[in-house]
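File shown here: my_file.pdb, holding PDB, C-alpha atoms.
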MODEL        1
ATOM      1  CA  MET A 322      45.055  82.934 -52.123  1.00  0.00           C
ATOM      2  CA  ARG A 323      43.138  85.961 -50.895  1.00  0.00           C
ATOM      3  CA  ILE A 324      40.462  85.023 -48.405  1.00  0.00           C
ATOM      4  CA  TYR A 325      37.439  86.886 -47.069  1.00  0.00           C
ATOM      5  CA  PHE A 326      35.795  85.641 -43.847  1.00  0.00           C
ATOM      6  CA  GLY A 327      32.345  86.974 -43.088  1.00  0.00           C
ATOM      7  CA  GLN A 328      31.526  85.869 -39.549  1.00  0.00           C
ATOM      8  CA  PHE A 329      27.792  85.758 -38.847  1.00  0.00           C
ATOM      9  CA  MET A 330      26.452  86.051 -35.308  1.00  0.00           C
ATOM     10  CA  LYS A 331      29.832  87.202 -34.055  1.00  0.00           C
ATOM     11  CA  GLY A 332      30.779  90.616 -32.748  1.00  0.00           C
ATOM     12  CA  GLN A 333      33.119  89.701 -29.946  1.00  0.00           C
ATOM     13  CA  PRO A 334      36.853  89.053 -30.036  1.00  0.00           C
ATOM     14  CA  TYR A 335      37.824  85.529 -31.074  1.00  0.00           C
ATOM     15  CA  GLY A 336      41.259  83.946 -31.297  1.00  0.00           C
ATOM     16  CA  GLU A 337      41.222  83.879 -35.084  1.00  0.00           C
ATOM     17  CA  LEU A 338      40.787  87.649 -35.167  1.00  0.00           C
ATOM     18  CA  GLU A 339      43.948  88.166 -33.159  1.00  0.00           C
ATOM     19  CA  ALA A 340      45.924  85.466 -34.944  1.00  0.00           C
ATOM     20  CA  LEU A 341      45.021  86.665 -38.431  1.00  0.00           C
ATOM     21  CA  ARG A 342      44.748  90.415 -37.804  1.00  0.00           C
ATOM     22  CA  ASP A 343      47.883  91.340 -39.747  1.00  0.00           C
ATOM     23  CA  HIS A 344      47.760  88.583 -42.367  1.00  0.00           C
ATOM     24  CA  PRO A 345      48.120  90.257 -45.767  1.00  0.00           C
ATOM     25  CA  TYR A 346      45.831  87.813 -47.618  1.00  0.00           C
ATOM     26  CA  ILE A 347      43.016  87.372 -45.115  1.00  0.00           C
ATOM     27  CA  THR A 348      40.192  89.782 -44.303  1.00  0.00           C
ATOM     28  CA  ILE A 349      37.767  89.035 -41.456  1.00  0.00           C
ATOM     29  CA  GLU A 350      34.577  90.994 -40.821  1.00  0.00           C
ATOM     30  CA  GLN A 351      31.976  90.251 -38.169  1.00  0.00           C
ATOM     31  CA  TYR A 352      28.232  90.675 -38.416  1.00  0.00           C
ATOM     32  CA  GLY A 353      26.562  90.421 -35.064  1.00  0.00           C
ATOM     33  CA  ASP A 354      26.220  91.509 -31.467  1.00  0.00           C
ATOM     34  CA  VAL A 355      28.978  91.595 -28.916  1.00  0.00           C
ATOM     35  CA  ARG A 356      27.075  89.082 -26.794  1.00  0.00           C
ATOM     36  CA  CYS A 357      25.806  85.662 -27.792  1.00  0.00           C
ATOM     37  CA  ILE A 358      22.080  85.235 -28.267  1.00  0.00           C
ATOM     38  CA  HIS A 359      19.626  82.342 -28.174  1.00  0.00           C
ATOM     39  CA  ARG A 360      17.016  81.683 -30.857  1.00  0.00           C
ATOM     40  CA  GLU A 361      14.212  83.117 -28.719  1.00  0.00           C
ATOM     41  CA  GLU A 362      16.172  86.377 -28.305  1.00  0.00           C
ATOM     42  CA  VAL A 363      16.396  87.277 -32.003  1.00  0.00           C
ATOM     43  CA  THR A 364      15.377  90.864 -32.718  1.00  0.00           C
ATOM     44  CA  PRO A 365      14.800  92.747 -35.969  1.00  0.00           C
ATOM     45  CA  GLU A 366      18.257  94.306 -35.447  1.00  0.00           C
ATOM     46  CA  HIS A 367      19.879  90.857 -35.422  1.00  0.00           C
ATOM     47  CA  VAL A 368      18.147  90.082 -38.718  1.00  0.00           C
ATOM     48  CA  ALA A 369      19.329  93.419 -40.133  1.00  0.00           C
ATOM     49  CA  GLN A 370      22.923  92.679 -39.022  1.00  0.00           C
ATOM     50  CA  ALA A 371      22.878  89.331 -40.812  1.00  0.00           C
ATOM     51  CA  ARG A 372      21.408  90.826 -43.976  1.00  0.00           C
ATOM     52  CA  ARG A 373      24.001  93.611 -43.966  1.00  0.00           C
ATOM     53  CA  GLY A 374      26.630  90.928 -43.520  1.00  0.00           C
ATOM     54  CA  LEU A 375      25.360  88.907 -46.471  1.00  0.00           C
ATOM     55  CA  ALA A 376      25.314  92.055 -48.603  1.00  0.00           C
ATOM     56  CA  ARG A 377      28.885  92.856 -47.544  1.00  0.00           C
ATOM     57  CA  ALA A 378      29.991  89.279 -48.312  1.00  0.00           C
ATOM     58  CA  ARG A 379      28.336  89.580 -51.736  1.00  0.00           C
ATOM     59  CA  GLU A 380      30.356  92.750 -52.396  1.00  0.00           C
ATOM     60  CA  ALA A 381      33.527  90.922 -51.401  1.00  0.00           C
ATOM     61  CA  MET A 382      32.667  87.911 -53.563  1.00  0.00           C
ATOM     62  CA  LEU A 383      32.006  90.078 -56.630  1.00  0.00           C
ATOM     63  CA  SER A 384      34.897  92.488 -56.031  1.00  0.00           C
ATOM     64  CA  ASP A 385      37.598  90.444 -57.772  1.00  0.00           C
ATOM     65  CA  ASN A 386      39.680  90.935 -54.596  1.00  0.00           C
ATOM     66  CA  TYR A 387      39.153  87.446 -53.134  1.00  0.00           C
ATOM     67  CA  ASP A 388      39.667  83.872 -54.280  1.00  0.00           C
ATOM     68  CA  ILE A 389      37.824  82.300 -51.337  1.00  0.00           C
ATOM     69  CA  VAL A 390      34.802  83.666 -49.482  1.00  0.00           C
ATOM     70  CA  VAL A 391      33.823  82.008 -46.206  1.00  0.00           C
ATOM     71  CA  LEU A 392      30.374  82.579 -44.713  1.00  0.00           C
ATOM     72  CA  ASP A 393      31.225  81.525 -41.177  1.00  0.00           C
ATOM     73  CA  GLU A 394      28.221  80.228 -39.184  1.00  0.00           C
ATOM     74  CA  VAL A 395      25.783  81.109 -41.957  1.00  0.00           C
ATOM     75  CA  ASN A 396      23.970  77.781 -41.474  1.00  0.00           C
ATOM     76  CA  VAL A 397      23.325  78.613 -37.822  1.00  0.00           C
ATOM     77  CA  SER A 398      22.135  82.066 -38.927  1.00  0.00           C
ATOM     78  CA  ILE A 399      19.530  80.375 -41.099  1.00  0.00           C
ATOM     79  CA  TRP A 400      18.473  78.093 -38.241  1.00  0.00           C
ATOM     80  CA  PHE A 401      18.087  81.161 -35.985  1.00  0.00           C
ATOM     81  CA  GLY A 402      15.881  82.837 -38.625  1.00  0.00           C
ATOM     82  CA  LEU A 403      18.343  85.657 -39.303  1.00  0.00           C
ATOM     83  CA  LEU A 404      18.624  84.717 -42.973  1.00  0.00           C
ATOM     84  CA  SER A 405      16.501  82.538 -45.214  1.00  0.00           C
ATOM     85  CA  VAL A 406      17.670  79.617 -47.310  1.00  0.00           C
ATOM     86  CA  GLU A 407      16.446  81.549 -50.344  1.00  0.00           C
ATOM     87  CA  GLU A 408      18.670  84.539 -49.518  1.00  0.00           C
ATOM     88  CA  VAL A 409      21.748  82.329 -49.261  1.00  0.00           C
ATOM     89  CA  LEU A 410      20.864  80.391 -52.433  1.00  0.00           C
ATOM     90  CA  ALA A 411      20.498  83.726 -54.280  1.00  0.00           C
ATOM     91  CA  PHE A 412      23.955  84.681 -52.974  1.00  0.00           C
ATOM     92  CA  LEU A 413      25.375  81.404 -54.298  1.00  0.00           C
ATOM     93  CA  ASP A 414      23.705  81.921 -57.674  1.00  0.00           C
ATOM     94  CA  GLU A 415      25.810  85.081 -58.113  1.00  0.00           C
ATOM     95  CA  LYS A 416      29.107  83.309 -57.397  1.00  0.00           C
ATOM     96  CA  PRO A 417      31.733  83.906 -60.065  1.00  0.00           C
ATOM     97  CA  ALA A 418      33.279  80.665 -61.373  1.00  0.00           C
ATOM     98  CA  ARG A 419      36.753  81.654 -60.146  1.00  0.00           C
ATOM     99  CA  VAL A 420      35.631  82.155 -56.513  1.00  0.00           C
ATOM    100  CA  GLU A 421      35.382  79.315 -54.003  1.00  0.00           C
ATOM    101  CA  VAL A 422      32.591  79.795 -51.427  1.00  0.00           C
ATOM    102  CA  ILE A 423      32.571  77.935 -48.132  1.00  0.00           C
ATOM    103  CA  LEU A 424      29.540  77.825 -45.830  1.00  0.00           C
ATOM    104  CA  THR A 425      30.070  76.769 -42.220  1.00  0.00           C
ATOM    105  CA  GLY A 426      27.913  76.019 -39.215  1.00  0.00           C
ATOM    106  CA  ARG A 427      25.743  73.295 -37.847  1.00  0.00           C
ATOM    107  CA  ARG A 428      22.267  72.412 -39.063  1.00  0.00           C
ATOM    108  CA  ALA A 429      22.877  73.027 -42.747  1.00  0.00           C
ATOM    109  CA  PRO A 430      19.527  73.086 -44.531  1.00  0.00           C
ATOM    110  CA  ARG A 431      18.856  70.273 -46.980  1.00  0.00           C
ATOM    111  CA  GLU A 432      18.653  72.759 -49.869  1.00  0.00           C
ATOM    112  CA  LEU A 433      22.187  74.010 -49.220  1.00  0.00           C
ATOM    113  CA  ILE A 434      23.512  70.466 -48.854  1.00  0.00           C
ATOM    114  CA  GLU A 435      21.971  69.579 -52.218  1.00  0.00           C
ATOM    115  CA  HIS A 436      23.390  72.745 -53.802  1.00  0.00           C
ATOM    116  CA  GLY A 437      26.929  72.187 -52.511  1.00  0.00           C
ATOM    117  CA  ASP A 438      29.765  70.387 -54.272  1.00  0.00           C
ATOM    118  CA  LEU A 439      31.394  69.184 -51.056  1.00  0.00           C
ATOM    119  CA  VAL A 440      29.642  68.664 -47.733  1.00  0.00           C
ATOM    120  CA  THR A 441      31.467  67.736 -44.552  1.00  0.00           C
ATOM    121  CA  GLU A 442      29.819  67.131 -41.213  1.00  0.00           C
ATOM    122  CA  MET A 443      31.865  67.446 -38.059  1.00  0.00           C
ATOM    123  CA  ARG A 444      30.330  66.384 -34.810  1.00  0.00           C
ATOM    124  CA  GLU A 445      31.416  66.695 -31.245  1.00  0.00           C
ATOM    125  CA  VAL A 446      31.937  63.393 -29.502  1.00  0.00           C
ATOM    126  CA  LYS A 447      33.261  64.782 -26.243  1.00  0.00           C
ATOM    127  CA  HIS A 448      34.132  68.337 -25.190  1.00  0.00           C
ATOM    128  CA  TYR A 449      35.594  69.639 -21.935  1.00  0.00           C
ATOM    129  CA  TYR A 450      33.180  72.596 -22.092  1.00  0.00           C
ATOM    130  CA  GLU A 451      30.496  70.187 -20.863  1.00  0.00           C
ATOM    131  CA  GLN A 452      32.551  69.719 -17.678  1.00  0.00           C
ATOM    132  CA  GLY A 453      32.643  73.478 -17.090  1.00  0.00           C
ATOM    133  CA  VAL A 454      35.992  74.347 -18.700  1.00  0.00           C
ATOM    134  CA  SER A 455      35.758  77.837 -20.227  1.00  0.00           C
ATOM    135  CA  ALA A 456      37.545  79.092 -23.328  1.00  0.00           C
ATOM    136  CA  ARG A 457      41.270  79.044 -22.671  1.00  0.00           C
ATOM    137  CA  LYS A 458      43.695  81.789 -23.658  1.00  0.00           C
ATOM    138  CA  GLY A 459      45.781  80.691 -26.614  1.00  0.00           C
ATOM    139  CA  ILE A 460      43.467  77.797 -27.476  1.00  0.00           C
ATOM    140  CA  GLU A 461      39.884  78.987 -28.023  1.00  0.00           C
ATOM    141  CA  ARG A 462      40.385  82.691 -27.504  1.00  0.00           C
TER     142      ARG A 462
ENDMDL
END

Represent the structure contained in this file as structure tokens.
Amino acid sequence: MRIYFGQFMKGQPYGELEALRDHPYITIEQYGDVRCIHREEVTPEHVAQARRGLARAREAMLSDNYDIVVLDEVNVSIWFGLLSVEEVLAFLDEKPARVEVILTGRRAPRELIEHGDLVTEMREVKHYYEQGVSARKGIER
């Protein structure tokens, strides 16, 4: 299947970018700053980046070029105030029947959970990051 990944709040290199760069059926685009931000650091430009990203993902979804469209970290984008629940619901209302849409990220709003056909919650139980281990080459980056 042909897959489009729209990565919200990401503008830096990640391992998946390198691993999938030359994959003929996968397209990845990032919408965000090079550096990570906190909720209190959101600027109008961050909001504009997310909205441009959602518009670009909508183009991909409606293009007939992709079978699966992934909005990576879109739930966190909503929590940060970069997008509204209403904007994402409007996006989903335009979804062609033949396209599968996947929304990822923590803190999924109740409205999106209710709208979805399948909801999975993954939670961290223990992570070595908490002990000061940074992203490791070949694993996380």

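Checking A:Ile349, A:Leu392, A:Ile434, A:Leu375 one by one against Val422 in chain A, counting all atoms listed in the file, you find the shortest gap at A:Leu392.
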
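For the atom pair formed by CA of Ala378 in chain A and CA of Arg457 in chain A, the distance is 29.8 Å, given to one decimal.
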
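The closest residue to Lys331 in chain A, picked from A:Glu451, A:Ala376, A:Glu361, A:Ser398 and counting only C-alpha atoms, is A:Ser398.
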
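Across the structure, CA of Gly332 in chain A and CA of His367 in chain A are spaced 11.2 Å apart.
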
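One distance worth recording is that between CA of Asn396 in chain A and CA of Ala369 in chain A, which is 16.4 Å.
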
Q) At most 12 Å from (23.2, 93.5, -44.8), file frame, all atoms listed in the file: which residues, as JSON, numbers by chain? A) {"A": [327, 329, 351, 352, 353, 366, 367, 368, 369, 370, 371, 372, 373, 374, 375, 376, 377, 378, 379, 380, 403, 404, 408]}

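Look at Gly459 in chain A: the protein and nucleic acid residues within 12 Å of it, using only C-alpha atoms and passing over chain neighbours fewer than 4 places away, are Tyr335, Gly336, Glu337, Glu339 and Ala340 of chain A.
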
**Q.** Val420 in chain A surroundings by only C-alpha atoms, 8 Å radius, close-in-sequence under 5 positions cut, as a PyMOL selection string
**A.** chain A and resi 382+387-390

Q: Within 10 Å of range 440-449 of chain A, counting only C-alpha atoms, which residues show up once you throw out same-chain ones fewer than 2 positions away? Write them as a PyMOL selection string, please.
A: chain A and resi 423-429+433-438+451-456

Selected residues written out, C-alpha atoms, as a compact mmCIF listing (two decimals), in the frame of the given file:
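Output contents, as saved in selection-v7.txt:
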# COMPACT_ATOMS: atom_id res chain seq x y z
CA ILE A 423 32.57 77.94 -48.13
CA LEU A 424 29.54 77.82 -45.83
CA THR A 425 30.07 76.77 -42.22
CA GLY A 426 27.91 76.02 -39.22
CA ARG A 427 25.74 73.30 -37.85
CA ARG A 428 22.27 72.41 -39.06
CA ALA A 429 22.88 73.03 -42.75
CA LEU A 433 22.19 74.01 -49.22
CA ILE A 434 23.51 70.47 -48.85
CA GLU A 435 21.97 69.58 -52.22
CA HIS A 436 23.39 72.74 -53.80
CA GLY A 437 26.93 72.19 -52.51
CA ASP A 438 29.76 70.39 -54.27
CA GLU A 451 30.50 70.19 -20.86
CA GLN A 452 32.55 69.72 -17.68
CA GLY A 453 32.64 73.48 -17.09
CA VAL A 454 35.99 74.35 -18.70
CA SER A 455 35.76 77.84 -20.23
CA ALA A 456 37.54 79.09 -23.33

Q: Using only C-alpha atoms, find the one residue out of A:Ile347, A:Gln328, A:His359, A:Thr364 that sits nearest to Asp393 in chain A.
A: A:Gln328

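Distances here use only C-alpha atoms; by that measure, the residue among A:Glu407, A:Asp385, A:Glu394, A:Glu432 closest to Arg323 in chain A is A:Asp385.
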
Provide range 379-401 of chain A rebuilt to N, CA and C atoms, formatted as a PDB file, in the coordinates of the input.
ATOM      1  N   ARG A 379      28.603  89.558 -50.292  1.00  0.00           N
ATOM      2  CA  ARG A 379      28.336  89.580 -51.736  1.00  0.00           C
ATOM      3  C   ARG A 379      29.262  90.582 -52.424  1.00  0.00           C
ATOM      4  N   GLU A 380      29.419  91.762 -51.839  1.00  0.00           N
ATOM      5  CA  GLU A 380      30.356  92.750 -52.396  1.00  0.00           C
ATOM      6  C   GLU A 380      31.761  92.174 -52.477  1.00  0.00           C
ATOM      7  N   ALA A 381      32.187  91.516 -51.413  1.00  0.00           N
ATOM      8  CA  ALA A 381      33.527  90.922 -51.401  1.00  0.00           C
ATOM      9  C   ALA A 381      33.652  89.846 -52.475  1.00  0.00           C
ATOM     10  N   MET A 382      32.644  89.001 -52.594  1.00  0.00           N
ATOM     11  CA  MET A 382      32.667  87.911 -53.563  1.00  0.00           C
ATOM     12  C   MET A 382      32.754  88.435 -54.993  1.00  0.00           C
ATOM     13  N   LEU A 383      32.056  89.530 -55.267  1.00  0.00           N
ATOM     14  CA  LEU A 383      32.006  90.078 -56.630  1.00  0.00           C
ATOM     15  C   LEU A 383      33.107  91.092 -56.907  1.00  0.00           C
ATOM     16  N   SER A 384      33.911  91.408 -55.920  1.00  0.00           N
ATOM     17  CA  SER A 384      34.897  92.488 -56.031  1.00  0.00           C
ATOM     18  C   SER A 384      36.126  92.144 -56.850  1.00  0.00           C
ATOM     19  N   ASP A 385      36.370  90.897 -57.110  1.00  0.00           N
ATOM     20  CA  ASP A 385      37.598  90.444 -57.772  1.00  0.00           C
ATOM     21  C   ASP A 385      38.812  90.598 -56.851  1.00  0.00           C
ATOM     22  N   ASN A 386      38.584  90.816 -55.556  1.00  0.00           N
ATOM     23  CA  ASN A 386      39.680  90.935 -54.596  1.00  0.00           C
ATOM     24  C   ASN A 386      39.942  89.644 -53.836  1.00  0.00           C
ATOM     25  N   TYR A 387      39.032  88.654 -53.940  1.00  0.00           N
ATOM     26  CA  TYR A 387      39.153  87.446 -53.134  1.00  0.00           C
ATOM     27  C   TYR A 387      38.983  86.195 -53.983  1.00  0.00           C
ATOM     28  N   ASP A 388      39.757  85.173 -53.621  1.00  0.00           N
ATOM     29  CA  ASP A 388      39.667  83.872 -54.280  1.00  0.00           C
ATOM     30  C   ASP A 388      38.728  82.940 -53.522  1.00  0.00           C
ATOM     31  N   ILE A 389      38.667  83.120 -52.199  1.00  0.00           N
ATOM     32  CA  ILE A 389      37.824  82.300 -51.337  1.00  0.00           C
ATOM     33  C   ILE A 389      36.987  83.223 -50.458  1.00  0.00           C
ATOM     34  N   VAL A 390      35.706  82.925 -50.360  1.00  0.00           N
ATOM     35  CA  VAL A 390      34.802  83.666 -49.482  1.00  0.00           C
ATOM     36  C   VAL A 390      34.172  82.655 -48.530  1.00  0.00           C
ATOM     37  N   VAL A 391      34.359  82.892 -47.237  1.00  0.00           N
ATOM     38  CA  VAL A 391      33.823  82.008 -46.206  1.00  0.00           C
ATOM     39  C   VAL A 391      32.671  82.719 -45.496  1.00  0.00           C
ATOM     40  N   LEU A 392      31.511  82.084 -45.482  1.00  0.00           N
ATOM     41  CA  LEU A 392      30.374  82.579 -44.713  1.00  0.00           C
ATOM     42  C   LEU A 392      30.335  81.756 -43.434  1.00  0.00           C
ATOM     43  N   ASP A 393      31.040  82.243 -42.436  1.00  0.00           N
ATOM     44  CA  ASP A 393      31.225  81.525 -41.177  1.00  0.00           C
ATOM     45  C   ASP A 393      29.944  81.560 -40.348  1.00  0.00           C
ATOM     46  N   GLU A 394      29.444  80.402 -39.985  1.00  0.00           N
ATOM     47  CA  GLU A 394      28.221  80.228 -39.184  1.00  0.00           C
ATOM     48  C   GLU A 394      26.948  80.676 -39.908  1.00  0.00           C
ATOM     49  N   VAL A 395      26.984  80.705 -41.221  1.00  0.00           N
ATOM     50  CA  VAL A 395      25.783  81.109 -41.957  1.00  0.00           C
ATOM     51  C   VAL A 395      24.661  80.078 -41.795  1.00  0.00           C
ATOM     52  N   ASN A 396      25.014  78.795 -41.661  1.00  0.00           N
ATOM     53  CA  ASN A 396      23.970  77.781 -41.474  1.00  0.00           C
ATOM     54  C   ASN A 396      23.232  77.977 -40.152  1.00  0.00           C
ATOM     55  N   VAL A 397      23.958  78.332 -39.111  1.00  0.00           N
ATOM     56  CA  VAL A 397      23.325  78.613 -37.822  1.00  0.00           C
ATOM     57  C   VAL A 397      22.462  79.869 -37.930  1.00  0.00           C
ATOM     58  N   SER A 398      22.924  80.841 -38.710  1.00  0.00           N
ATOM     59  CA  SER A 398      22.135  82.066 -38.927  1.00  0.00           C
ATOM     60  C   SER A 398      20.790  81.749 -39.563  1.00  0.00           C
ATOM     61  N   ILE A 399      20.789  80.799 -40.481  1.00  0.00           N
ATOM     62  CA  ILE A 399      19.530  80.375 -41.099  1.00  0.00           C
ATOM     63  C   ILE A 399      18.652  79.689 -40.058  1.00  0.00           C
ATOM     64  N   TRP A 400      19.227  78.806 -39.272  1.00  0.00           N
ATOM     65  CA  TRP A 400      18.473  78.093 -38.241  1.00  0.00           C
ATOM     66  C   TRP A 400      17.869  79.055 -37.223  1.00  0.00           C
ATOM     67  N   PHE A 401      18.586  80.150 -36.916  1.00  0.00           N
ATOM     68  CA  PHE A 401      18.087  81.161 -35.985  1.00  0.00           C
ATOM     69  C   PHE A 401      17.011  82.046 -36.624  1.00  0.00           C
TER      70      PHE A 401
END
